[in-house]
file model39.tsv (TSV, C-alpha atoms)
chain	number	residue	atom	x	y	z
A	1	MET	CA	-3.56	7.78	9.59
A	2	ALA	CA	-5.37	4.60	10.61
A	3	LYS	CA	-5.64	1.78	8.12
A	4	PRO	CA	-9.17	1.20	6.84
A	5	LYS	CA	-10.26	-1.87	8.79
A	6	GLN	CA	-12.74	-3.12	6.22
A	7	ILE	CA	-10.07	-3.56	3.53
A	8	LEU	CA	-7.05	-4.74	5.47
A	9	ALA	CA	-7.24	-8.24	4.02
A	10	LYS	CA	-7.27	-6.93	0.45
A	11	LEU	CA	-4.50	-4.40	0.82
A	12	THR	CA	-1.92	-6.10	3.02
A	13	PRO	CA	0.44	-8.99	2.41
A	14	PRO	CA	-0.12	-12.12	4.48
A	15	SER	CA	1.75	-12.35	7.76
A	16	MET	CA	3.92	-15.44	7.51
A	17	PRO	CA	4.73	-17.97	10.19
A	18	ARG	CA	8.37	-19.10	10.13
A	19	VAL	CA	8.97	-20.21	6.54
A	20	VAL	CA	11.90	-21.38	4.46
A	21	GLU	CA	13.61	-18.42	2.80
A	22	ARG	CA	14.09	-19.63	-0.76
A	23	ARG	CA	17.29	-17.75	-1.54
A	24	ARG	CA	17.68	-19.12	-5.06
A	25	LEU	CA	14.26	-17.67	-5.92
A	26	PHE	CA	15.10	-14.41	-4.16
A	27	ARG	CA	18.09	-14.11	-6.52
A	28	ARG	CA	15.83	-14.95	-9.45
A	29	LEU	CA	13.44	-12.18	-8.42
A	30	ASP	CA	16.34	-9.75	-8.07
A	31	ARG	CA	17.14	-10.40	-11.72
A	32	THR	CA	13.60	-10.36	-13.11
A	33	ILE	CA	12.43	-7.20	-11.37
A	34	LYS	CA	14.99	-5.24	-13.31
A	35	ALA	CA	12.18	-5.30	-15.89
A	36	PRO	CA	9.07	-3.19	-15.17
A	37	LEU	CA	6.83	-6.26	-14.78
A	38	THR	CA	7.41	-9.81	-13.54
A	39	TRP	CA	4.68	-12.41	-14.06
A	40	ILE	CA	4.71	-15.51	-11.84
A	41	ALA	CA	2.37	-18.25	-13.05
A	42	ALA	CA	1.99	-21.42	-11.00
A	43	PRO	CA	-0.81	-23.71	-9.76
A	44	PRO	CA	-2.40	-23.33	-6.32
A	45	GLY	CA	-0.17	-24.44	-3.48
A	46	ALA	CA	3.06	-23.72	-5.37
A	47	GLY	CA	4.10	-21.05	-2.87
A	48	LYS	CA	3.70	-17.91	-5.00
A	49	THR	CA	2.26	-15.67	-2.29
A	50	THR	CA	4.58	-17.03	0.39
A	51	LEU	CA	7.57	-16.39	-1.85
A	52	LEU	CA	6.69	-12.72	-2.42
A	53	ALA	CA	5.65	-12.12	1.19
A	54	SER	CA	9.00	-13.46	2.40
A	55	TYR	CA	11.00	-11.74	-0.35
A	56	ALA	CA	9.54	-8.25	0.07
A	57	PRO	CA	11.07	-7.41	3.50
A	58	GLN	CA	14.60	-8.15	2.31
A	59	SER	CA	14.21	-6.43	-1.08
A	60	ARG	CA	14.83	-2.98	0.46
A	61	LYS	CA	11.85	-1.59	-1.39
A	62	SER	CA	8.64	-0.02	-0.20
A	63	LEU	CA	5.76	-2.44	-0.69
A	64	LEU	CA	2.27	-1.91	-2.08
A	65	TRP	CA	0.26	-5.16	-1.98
A	66	TYR	CA	-3.09	-5.53	-3.73
A	67	ARG	CA	-5.09	-8.76	-3.75
A	68	LEU	CA	-7.34	-8.91	-6.79
A	69	ASP	CA	-10.77	-10.54	-6.75
A	70	ALA	CA	-13.86	-10.76	-8.92
A	71	GLY	CA	-15.03	-7.33	-7.73
A	72	ASP	CA	-12.08	-5.73	-9.52
A	73	ALA	CA	-13.74	-6.53	-12.83
A	74	ASP	CA	-15.50	-3.19	-12.27
A	75	PRO	CA	-12.92	-0.47	-13.08
A	76	ALA	CA	-14.55	1.90	-10.60
A	77	ALA	CA	-14.05	-0.61	-7.77
A	78	PHE	CA	-10.47	-1.34	-8.85
A	79	PHE	CA	-9.40	2.31	-8.93
A	80	HIS	CA	-11.20	3.04	-5.65
A	81	TYR	CA	-9.48	0.28	-3.71
A	82	LEU	CA	-6.11	0.80	-5.35
A	83	GLY	CA	-6.38	4.45	-4.31
A	84	LEU	CA	-7.02	3.34	-0.75
A	85	ALA	CA	-4.01	1.03	-0.94
A	86	VAL	CA	-1.85	4.01	-1.88
A	87	GLN	CA	-3.25	6.00	1.06
A	88	VAL	CA	-2.22	3.16	3.34
A	89	THR	CA	1.27	2.97	1.81
A	90	ALA	CA	1.92	6.71	1.46
A	91	PRO	CA	-0.44	8.52	3.88
A	92	ARG	CA	1.65	11.71	4.00
A	93	PHE	CA	0.36	12.78	0.58
A	94	ARG	CA	-2.70	14.92	1.09
A	95	LYS	CA	-3.60	15.30	-2.57
A	96	GLN	CA	-6.06	12.59	-3.60
A	97	LEU	CA	-5.48	10.36	-6.60
A	98	PRO	CA	-7.81	10.94	-9.58
A	99	HIS	CA	-11.30	9.86	-8.59
A	100	PHE	CA	-13.08	7.65	-11.09
A	101	THR	CA	-16.56	8.89	-11.99
A	102	PRO	CA	-19.04	7.69	-14.67
A	103	GLU	CA	-18.00	10.25	-17.26
A	104	TYR	CA	-14.56	8.61	-17.47
A	105	PHE	CA	-16.00	5.39	-18.93
A	106	ALA	CA	-15.71	6.89	-22.40
A	107	GLY	CA	-11.98	7.45	-21.96
A	108	LEU	CA	-10.85	4.63	-19.67
A	109	PRO	CA	-7.32	4.24	-21.15
A	110	VAL	CA	-6.57	7.94	-20.67
A	111	PHE	CA	-7.90	7.90	-17.09
A	112	THR	CA	-5.83	4.77	-16.40
A	113	GLN	CA	-2.66	6.48	-17.63
A	114	ARG	CA	-3.27	9.55	-15.47
A	115	PHE	CA	-4.12	7.46	-12.42
A	116	PHE	CA	-0.93	5.39	-12.65
A	117	GLU	CA	1.17	8.47	-13.31
A	118	ALA	CA	-0.19	10.02	-10.10
A	119	LEU	CA	0.30	6.75	-8.22
A	120	GLY	CA	3.90	6.48	-9.42
A	121	ALA	CA	4.58	10.07	-8.33
A	122	ARG	CA	3.71	9.08	-4.77
A	123	CYS	CA	6.35	6.35	-4.77
A	124	GLN	CA	9.35	8.42	-3.76
A	125	GLY	CA	11.90	5.59	-3.62
A	126	PRO	CA	12.33	2.04	-4.92
A	127	THR	CA	8.89	0.41	-4.70
A	128	LEU	CA	7.57	-3.08	-5.28
A	129	VAL	CA	3.90	-3.33	-6.30
A	130	VAL	CA	2.39	-6.82	-6.00
A	131	PHE	CA	-0.91	-7.78	-7.61
A	132	ASP	CA	-1.88	-11.11	-6.04
A	133	ASN	CA	-4.54	-13.56	-7.32
A	134	TYR	CA	-4.76	-12.12	-10.83
A	135	HIS	CA	-6.59	-15.27	-11.96
A	136	GLU	CA	-9.61	-14.12	-9.92
A	137	VAL	CA	-10.34	-11.34	-12.42
A	138	PRO	CA	-13.05	-12.59	-14.85
A	139	PRO	CA	-11.86	-13.08	-18.46
A	140	GLU	CA	-14.35	-10.54	-19.80
A	141	SER	CA	-13.12	-7.73	-17.53
A	142	SER	CA	-11.66	-4.61	-19.14
A	143	LEU	CA	-8.98	-4.67	-16.44
A	144	HIS	CA	-6.96	-7.05	-18.63
A	145	GLN	CA	-6.58	-4.26	-21.19
A	146	LEU	CA	-6.30	-1.37	-18.72
A	147	LEU	CA	-3.62	-2.70	-16.39
A	148	PRO	CA	-0.91	-3.07	-19.08
A	149	VAL	CA	-1.67	0.51	-20.16
A	150	GLY	CA	-1.32	1.78	-16.60
A	151	LEU	CA	1.81	-0.15	-15.68
A	152	GLN	CA	3.72	1.49	-18.53
A	153	ARG	CA	3.21	4.87	-16.85
A	154	PHE	CA	5.12	3.93	-13.71
A	155	PRO	CA	8.54	5.55	-13.20
A	156	PRO	CA	11.64	3.31	-13.43
A	157	HIS	CA	12.01	2.92	-9.65
A	158	VAL	CA	8.59	1.20	-9.41
A	159	ARG	CA	8.57	-2.51	-10.22
A	160	VAL	CA	5.47	-4.72	-10.46
A	161	VAL	CA	5.00	-8.44	-9.76
A	162	ILE	CA	1.77	-10.21	-10.76
A	163	LEU	CA	0.91	-13.56	-9.16
A	164	SER	CA	-1.50	-15.79	-11.03
A	165	ARG	CA	-2.42	-19.41	-11.66
A	166	ASP	CA	-2.46	-18.66	-15.37
A	167	PRO	CA	0.04	-17.36	-17.94
A	168	TYR	CA	-0.28	-13.73	-18.90
A	169	PRO	CA	-3.16	-12.97	-21.33
A	170	SER	CA	-2.70	-11.68	-24.87
A	171	SER	CA	-3.13	-8.07	-23.73
A	172	TYR	CA	0.37	-8.30	-22.19
A	173	MET	CA	2.03	-9.56	-25.39
A	174	ARG	CA	3.33	-6.14	-26.34
A	175	LEU	CA	5.08	-5.75	-22.97
A	176	ALA	CA	6.66	-9.18	-23.43
A	177	ALA	CA	7.77	-8.37	-27.00
A	178	GLU	CA	9.38	-5.14	-25.80
A	179	GLN	CA	11.16	-7.05	-23.00
A	180	GLN	CA	9.29	-5.10	-20.35
A	181	LEU	CA	7.79	-8.32	-18.98
A	182	GLN	CA	9.76	-11.19	-17.45
A	183	THR	CA	8.22	-14.49	-16.38
A	184	ILE	CA	8.87	-17.03	-13.66
A	185	GLN	CA	7.34	-20.37	-14.53
A	186	SER	CA	5.83	-22.95	-12.19
A	187	GLU	CA	8.78	-25.32	-12.71
A	188	GLU	CA	11.08	-22.76	-11.11
A	189	LEU	CA	8.94	-22.69	-7.96
A	190	GLU	CA	9.21	-26.44	-7.45
A	191	LEU	CA	10.91	-27.44	-4.21
A	192	THR	CA	14.45	-28.65	-4.47
A	193	LEU	CA	15.42	-31.55	-2.25
A	194	ALA	CA	17.38	-29.20	0.00
A	195	GLU	CA	14.34	-26.92	0.36
A	196	ALA	CA	12.10	-29.89	1.11
A	197	ARG	CA	14.43	-30.91	3.92
A	198	GLN	CA	14.26	-27.35	5.25
A	199	VAL	CA	10.44	-27.43	5.16
A	200	TYR	CA	10.57	-30.69	7.08
A	201	GLY	CA	12.88	-29.01	9.59
A	202	LEU	CA	10.15	-26.46	10.37
A	203	GLN	CA	7.68	-29.14	11.44
A	204	ASP	CA	7.14	-29.50	15.16
A	205	ARG	CA	8.41	-32.55	17.00
A	206	ARG	CA	5.03	-34.28	17.07
A	207	ARG	CA	4.80	-34.25	13.27
A	208	LYS	CA	8.47	-35.05	12.81
A	209	SER	CA	8.15	-38.18	14.89
A	210	SER	CA	5.42	-39.48	12.55
A	211	VAL	CA	7.53	-39.32	9.37
A	212	PRO	CA	10.93	-41.06	9.45
A	213	LEU	CA	13.79	-38.90	8.26
A	214	THR	CA	14.68	-41.55	5.69
A	215	SER	CA	11.26	-41.02	4.04
A	216	ILE	CA	11.69	-37.28	3.36
A	217	ASP	CA	13.57	-37.75	0.09
A	218	GLN	CA	10.93	-40.20	-1.11
A	219	LEU	CA	8.11	-37.85	-0.11
A	220	TRP	CA	9.80	-35.03	-2.03
A	221	GLU	CA	10.14	-37.22	-5.11
A	222	SER	CA	6.49	-38.26	-4.86
A	223	ALA	CA	5.32	-34.65	-4.56
A	224	ARG	CA	7.43	-33.72	-7.63
A	225	GLY	CA	8.48	-30.45	-6.06
A	226	TRP	CA	4.91	-29.30	-5.41
A	227	MET	CA	4.91	-27.38	-2.11
A	228	ALA	CA	1.31	-28.10	-1.10
A	229	GLY	CA	1.59	-31.78	-1.88
A	230	PHE	CA	4.82	-32.14	0.06
A	231	ILE	CA	3.38	-30.41	3.15
A	232	LEU	CA	0.33	-32.65	3.10
A	233	LEU	CA	2.48	-35.74	2.59
A	234	LEU	CA	4.30	-34.81	5.79
A	235	GLU	CA	1.08	-34.95	7.80
A	236	ARG	CA	0.65	-37.88	10.22
A	237	ASP	CA	0.60	-41.25	8.49
A	238	VAL	CA	-0.69	-39.71	5.25
A	239	GLY	CA	2.78	-39.55	3.74
A	240	ARG	CA	3.45	-43.27	3.97
A	241	ALA	CA	-0.11	-44.22	2.97
A	242	ALA	CA	-0.20	-41.88	-0.01
A	243	LEU	CA	3.09	-42.80	-1.64
A	244	SER	CA	1.56	-45.61	-3.66
A	245	HIS	CA	-1.19	-43.29	-4.89
A	246	VAL	CA	1.16	-40.68	-6.39
A	247	SER	CA	3.90	-42.82	-7.86
A	248	ALA	CA	2.70	-42.19	-11.42
A	249	PRO	CA	2.15	-38.78	-13.12
A	250	VAL	CA	-1.21	-37.37	-12.02
A	251	ASN	CA	-3.15	-34.14	-11.92
A	252	PRO	CA	-1.73	-32.10	-8.97
A	253	LEU	CA	-5.22	-30.86	-8.04
A	254	ALA	CA	-6.47	-34.44	-7.82
A	255	VAL	CA	-3.58	-35.32	-5.52
A	256	PHE	CA	-4.27	-32.24	-3.43
A	257	GLU	CA	-7.95	-33.14	-3.01
A	258	TYR	CA	-7.04	-36.70	-2.07
A	259	LEU	CA	-4.38	-35.67	0.45
A	260	ALA	CA	-6.45	-32.82	1.89
A	261	GLY	CA	-9.33	-35.23	2.41
A	262	GLU	CA	-7.05	-37.71	4.14
A	263	VAL	CA	-5.77	-35.01	6.46
A	264	LEU	CA	-9.22	-33.48	7.09
A	265	TYR	CA	-10.91	-36.71	8.10
A	266	ARG	CA	-8.20	-37.48	10.65
A	267	LEU	CA	-8.87	-34.23	12.48
A	268	PRO	CA	-11.22	-33.90	15.47
A	269	VAL	CA	-14.85	-33.38	14.47
A	270	GLU	CA	-14.98	-29.84	15.91
A	271	THR	CA	-11.89	-28.88	13.89
A	272	GLN	CA	-13.45	-30.29	10.72
A	273	GLN	CA	-16.60	-28.25	11.33
A	274	VAL	CA	-14.65	-25.02	11.84
A	275	LEU	CA	-12.57	-25.52	8.69
A	276	MET	CA	-15.51	-26.48	6.48
A	277	THR	CA	-17.62	-23.56	7.71
A	278	MET	CA	-14.89	-20.97	7.26
A	279	SER	CA	-13.87	-22.34	3.84
A	280	LEU	CA	-16.95	-20.57	2.47
A	281	MET	CA	-15.51	-17.17	3.47
A	282	PRO	CA	-12.75	-15.51	1.39
A	283	ASP	CA	-11.44	-13.79	4.54
A	284	PHE	CA	-12.59	-13.32	8.10
A	285	THR	CA	-11.55	-12.28	11.58
A	286	PRO	CA	-11.16	-14.70	14.50
A	287	ASP	CA	-14.27	-13.13	16.06
A	288	MET	CA	-16.22	-13.84	12.89
A	289	ALA	CA	-15.07	-17.46	12.99
A	290	ILE	CA	-16.25	-17.81	16.59
A	291	ALA	CA	-19.64	-16.26	15.76
A	292	LEU	CA	-20.23	-18.30	12.60
A	293	THR	CA	-19.19	-21.65	14.08
A	294	ASP	CA	-20.50	-21.04	17.60
A	295	ARG	CA	-17.23	-22.45	18.90
A	296	PRO	CA	-15.11	-20.34	21.29
A	297	GLU	CA	-11.99	-22.28	20.25
A	298	ALA	CA	-12.40	-21.48	16.53
A	299	GLY	CA	-9.83	-18.68	16.55
A	300	HIS	CA	-7.28	-20.89	18.27
A	301	ILE	CA	-7.86	-23.73	15.78
A	302	LEU	CA	-7.35	-21.43	12.80
A	303	GLU	CA	-4.23	-19.89	14.32
A	304	GLN	CA	-2.76	-23.37	14.81
A	305	PHE	CA	-3.35	-24.13	11.13
A	306	HIS	CA	-1.74	-20.82	10.16
A	307	GLN	CA	1.33	-21.58	12.26
A	308	SER	CA	1.49	-25.08	10.74
A	309	ARG	CA	1.47	-23.56	7.22
A	310	TYR	CA	-1.80	-25.25	6.31
A	311	PHE	CA	-3.00	-22.80	3.65
A	312	ILE	CA	-4.45	-20.17	5.97
A	313	GLU	CA	-3.02	-16.70	5.47
A	314	ARG	CA	-2.96	-13.96	8.10
A	315	ARG	CA	-3.48	-10.40	6.88
A	316	GLU	CA	-3.32	-7.94	9.77
A	317	ASP	CA	-6.43	-8.79	11.82
A	318	ARG	CA	-7.93	-11.23	9.31
A	319	LEU	CA	-7.39	-14.80	8.21
A	320	GLY	CA	-8.22	-16.21	4.82
call {"tool": "encode", "arguments": {"input": "model39.tsv", "output": "structure tokens"}}
result
Amino acid sequence: MAKPKQILAKLTPPSMPRVVERRRLFRRLDRTIKAPLTWIAAPPGAGKTTLLASYAPQSRKSLLWYRLDAGDADPAAFFHYLGLAVQVTAPRFRKQLPHFTPEYFAGLPVFTQRFFEALGARCQGPTLVVFDNYHEVPPESSLHQLLPVGLQRFPPHVRVVILSRDPYPSSYMRLAAEQQLQTIQSEELELTLAEARQVYGLQDRRRKSSVPLTSIDQLWESARGWMAGFILLLERDVGRAALSHVSAPVNPLAVFEYLAGEVLYRLPVETQQVLMTMSLMPDFTPDMAIALTDRPEAGHILEQFHQSRYFIERREDRLG
């Protein structure tokens, strides 16, 4: 069964370039996913998605990946696309999952229970379900009440991980009180010095030559374990210039904007134009990038940034 092309980006994990396998966090995940639900809350650029995308292949579990967005505030859209995700993951099942129709609005919790029971029945062996970008769901959405109801209907061999920039909302308090929810906090995702040296080891020779090896420990200390900040500090000349700007405690997002701007304005003009144009799109194909920027080299530019771990994710035939 062919994967639905129009939803590949939403229903597939990002394809990673060569990344550091963070074994200490893999062991942490092994422990937390003994509970039905693991919640990972950390700021942007902390490495949440990269961690799960690199962990999943070695977890020996089937994987169902679902990237949430604002459209999932509508329960009908959420159940529709989650049903498609299951078809992608377990296409051999011919029987359709319950189809959400308007008459179910009056009994959403009951429909949610039945839907997740049917979904869990399709997971024949140990399965990891990842809901990425939970923070994109609007606060007023009923999904915050429905998802905890549904997750409790999964069988014991299905484990769920939710990735978010925010702590879990109050609707998940009962799961936490009953020890069905484990959390991994942002502090745990911070780079250790050893991991920072490994990240540095992945840089190509051109970038390595611009940052003296003796500076790596200082860059790590300046970034305070923040993955995105450390990667940007490694960029040509920015690391040395930025050290004085981040020596005192600051807002990580402010540092990110400063460093990203420093990196952006050192790039060739055509590269800047491609990045700024495509930043308006949540996801896109290389062909779309070429058409929107009118630059034949746009796909190559974006692929270089993906390979350099510069915050561009590859999902099957799409980048985002």
call {"tool": "residues_around", "arguments": {"input": "model39.tsv", "residues": "Tyr55 in chain A", "least_positions_apart": "4", "cutoff": "7 Å", "atoms": "all atoms listed in the file", "output": "PyMOL selection string"}}
result
chain A and resi 26+51+59
call {"tool": "residues_around", "arguments": {"input": "model39.tsv", "residues": "Pro169 in chain A", "least_positions_apart": "4", "cutoff": "10 Å", "atoms": "all atoms listed in the file", "output": "list in words"}}
result
Pro139, His144, Gln145 and Met173 of chain A
call {"tool": "atom_distance", "arguments": {"input": "model39.tsv", "atom1": "CA of Leu234 in chain A", "atom2": "CA of Glu221 in chain A"}}
result
12.6 Å
call {"tool": "residues_around", "arguments": {"input": "model39.tsv", "residues": "Phe78 in chain A", "least_positions_apart": "3", "cutoff": "12 Å", "atoms": "all atoms listed in the file", "output": "list in words"}}
result
Lys10, Leu11, Tyr66, Arg67, Leu68, Asp69, Ala70, Gly71, Asp72, Ala73, Asp74, Pro75, Tyr81, Leu82, Gly83, Leu84, Ala85, His99, Phe100, Thr112, Phe115, Phe131, Val137, Ser141, Ser142, Leu143, His144, Leu146 and Leu147 of chain A
call {"tool": "closest_residue", "arguments": {"input": "model39.tsv", "among": "A:Ala9, A:Val130, A:Ala46, A:Leu175", "to": "Glu188 in chain A", "atoms": "only C-alpha atoms"}}
result
A:Ala46
call {"tool": "atom_distance", "arguments": {"input": "model39.tsv", "atom1": "CA of Ala194 in chain A", "atom2": "CA of Asp30 in chain A"}}
result
21.1 Å
call {"tool": "residues_around", "arguments": {"input": "model39.tsv", "residues": "Arg153 in chain A", "least_positions_apart": "4", "cutoff": "7 Å", "atoms": "all atoms listed in the file", "output": "PyMOL selection string"}}
result
chain A and resi 113+116-117
call {"tool": "residues_near_point", "arguments": {"input": "model39.tsv", "point": "(-1.8, -17.2, -6.8)", "cutoff": "8 Å", "atoms": "all atoms listed in the file", "output": "PyMOL selection string"}}
result
chain A and resi 41-44+48-49+132-135+163-165
call {"tool": "residues_around", "arguments": {"input": "model39.tsv", "residues": "Arg224 in chain A", "least_positions_apart": "4", "cutoff": "8 Å", "atoms": "all atoms listed in the file", "output": "list in words"}}
result
Glu190, Leu191 and Trp220 of chain A
call {"tool": "residues_near_point", "arguments": {"input": "model39.tsv", "point": "(-21.6, -21.6, 14.4)", "cutoff": "12 Å", "atoms": "only C-alpha atoms", "output": "count of residues only"}}
result
19
call {"tool": "atom_distance", "arguments": {"input": "model39.tsv", "atom1": "CA of Ala176 in chain A", "atom2": "CA of Thr50 in chain A"}}
result
25.2 Å
call {"tool": "decode", "arguments": {"input": "model39.tsv", "residues": "range 54-63 of chain A", "atoms": "all heavy atoms", "output": "PDB file, in the first residue's frame"}}
result
ATOM      1  N   SER A  54      16.294   9.239  16.809  1.00  0.00           N
ATOM      2  CA  SER A  54      17.481   8.378  16.869  1.00  0.00           C
ATOM      3  C   SER A  54      17.276   7.204  17.828  1.00  0.00           C
ATOM      4  O   SER A  54      17.890   6.142  17.661  1.00  0.00           O
ATOM      5  CB  SER A  54      18.714   9.197  17.279  1.00  0.00           C
ATOM      6  OG  SER A  54      18.514   9.851  18.525  1.00  0.00           O
ATOM      7  N   TYR A  55      16.415   7.385  18.818  1.00  0.00           N
ATOM      8  CA  TYR A  55      16.142   6.316  19.780  1.00  0.00           C
ATOM      9  C   TYR A  55      15.256   5.226  19.190  1.00  0.00           C
ATOM     10  O   TYR A  55      15.467   4.029  19.442  1.00  0.00           O
ATOM     11  CB  TYR A  55      15.469   6.904  21.019  1.00  0.00           C
ATOM     12  CG  TYR A  55      14.916   5.877  21.980  1.00  0.00           C
ATOM     13  CD1 TYR A  55      15.749   5.186  22.852  1.00  0.00           C
ATOM     14  CD2 TYR A  55      13.542   5.594  22.015  1.00  0.00           C
ATOM     15  CE1 TYR A  55      15.238   4.239  23.731  1.00  0.00           C
ATOM     16  CE2 TYR A  55      13.029   4.657  22.896  1.00  0.00           C
ATOM     17  CZ  TYR A  55      13.872   3.979  23.760  1.00  0.00           C
ATOM     18  OH  TYR A  55      13.358   3.042  24.623  1.00  0.00           O
ATOM     19  N   ALA A  56      14.261   5.622  18.412  1.00  0.00           N
ATOM     20  CA  ALA A  56      13.242   4.680  17.944  1.00  0.00           C
ATOM     21  C   ALA A  56      13.817   3.460  17.222  1.00  0.00           C
ATOM     22  O   ALA A  56      13.390   2.329  17.500  1.00  0.00           O
ATOM     23  CB  ALA A  56      12.232   5.401  17.056  1.00  0.00           C
ATOM     24  N   PRO A  57      14.785   3.611  16.292  1.00  0.00           N
ATOM     25  CA  PRO A  57      15.272   2.423  15.578  1.00  0.00           C
ATOM     26  C   PRO A  57      15.923   1.374  16.469  1.00  0.00           C
ATOM     27  O   PRO A  57      15.906   0.189  16.149  1.00  0.00           O
ATOM     28  CB  PRO A  57      16.289   3.012  14.581  1.00  0.00           C
ATOM     29  CG  PRO A  57      15.889   4.436  14.421  1.00  0.00           C
ATOM     30  CD  PRO A  57      15.375   4.852  15.762  1.00  0.00           C
ATOM     31  N   GLN A  58      16.518   1.810  17.593  1.00  0.00           N
ATOM     32  CA  GLN A  58      17.187   0.833  18.446  1.00  0.00           C
ATOM     33  C   GLN A  58      16.303   0.356  19.606  1.00  0.00           C
ATOM     34  O   GLN A  58      16.742  -0.429  20.437  1.00  0.00           O
ATOM     35  CB  GLN A  58      18.499   1.416  18.970  1.00  0.00           C
ATOM     36  CG  GLN A  58      18.379   2.644  19.854  1.00  0.00           C
ATOM     37  CD  GLN A  58      18.154   2.296  21.314  1.00  0.00           C
ATOM     38  OE1 GLN A  58      18.935   1.542  21.891  1.00  0.00           O
ATOM     39  NE2 GLN A  58      17.094   2.831  21.887  1.00  0.00           N
ATOM     40  N   SER A  59      15.049   0.838  19.649  1.00  0.00           N
ATOM     41  CA  SER A  59      14.160   0.466  20.752  1.00  0.00           C
ATOM     42  C   SER A  59      13.498  -0.894  20.532  1.00  0.00           C
ATOM     43  O   SER A  59      12.846  -1.408  21.440  1.00  0.00           O
ATOM     44  CB  SER A  59      13.069   1.521  20.930  1.00  0.00           C
ATOM     45  OG  SER A  59      12.167   1.507  19.830  1.00  0.00           O
ATOM     46  N   ARG A  60      13.634  -1.437  19.317  1.00  0.00           N
ATOM     47  CA  ARG A  60      13.033  -2.733  18.975  1.00  0.00           C
ATOM     48  C   ARG A  60      11.513  -2.706  19.102  1.00  0.00           C
ATOM     49  O   ARG A  60      10.879  -3.680  19.465  1.00  0.00           O
ATOM     50  CB  ARG A  60      13.630  -3.851  19.832  1.00  0.00           C
ATOM     51  CG  ARG A  60      15.126  -4.039  19.635  1.00  0.00           C
ATOM     52  CD  ARG A  60      15.662  -5.178  20.461  1.00  0.00           C
ATOM     53  NE  ARG A  60      17.099  -5.338  20.262  1.00  0.00           N
ATOM     54  CZ  ARG A  60      17.852  -6.264  20.864  1.00  0.00           C
ATOM     55  NH1 ARG A  60      17.267  -7.113  21.697  1.00  0.00           N
ATOM     56  NH2 ARG A  60      19.148  -6.332  20.644  1.00  0.00           N
ATOM     57  N   LYS A  61      10.954  -1.559  18.790  1.00  0.00           N
ATOM     58  CA  LYS A  61       9.500  -1.413  18.804  1.00  0.00           C
ATOM     59  C   LYS A  61       9.039  -0.879  17.452  1.00  0.00           C
ATOM     60  O   LYS A  61       9.752  -0.130  16.795  1.00  0.00           O
ATOM     61  CB  LYS A  61       9.057  -0.442  19.908  1.00  0.00           C
ATOM     62  CG  LYS A  61       9.268  -0.948  21.336  1.00  0.00           C
ATOM     63  CD  LYS A  61       8.837   0.099  22.339  1.00  0.00           C
ATOM     64  CE  LYS A  61       8.829  -0.446  23.752  1.00  0.00           C
ATOM     65  NZ  LYS A  61      10.117  -0.981  24.185  1.00  0.00           N
ATOM     66  N   SER A  62       7.835  -1.280  17.061  1.00  0.00           N
ATOM     67  CA  SER A  62       7.224  -0.643  15.899  1.00  0.00           C
ATOM     68  C   SER A  62       6.975   0.824  16.241  1.00  0.00           C
ATOM     69  O   SER A  62       6.743   1.166  17.407  1.00  0.00           O
ATOM     70  CB  SER A  62       5.910  -1.333  15.544  1.00  0.00           C
ATOM     71  OG  SER A  62       6.133  -2.685  15.208  1.00  0.00           O
ATOM     72  N   LEU A  63       7.006   1.672  15.231  1.00  0.00           N
ATOM     73  CA  LEU A  63       6.906   3.110  15.482  1.00  0.00           C
ATOM     74  C   LEU A  63       5.730   3.709  14.734  1.00  0.00           C
ATOM     75  O   LEU A  63       5.556   3.502  13.532  1.00  0.00           O
ATOM     76  CB  LEU A  63       8.198   3.809  15.036  1.00  0.00           C
ATOM     77  CG  LEU A  63       8.223   5.341  15.157  1.00  0.00           C
ATOM     78  CD1 LEU A  63       8.142   5.771  16.624  1.00  0.00           C
ATOM     79  CD2 LEU A  63       9.493   5.909  14.517  1.00  0.00           C
TER      80      LEU A  63
END
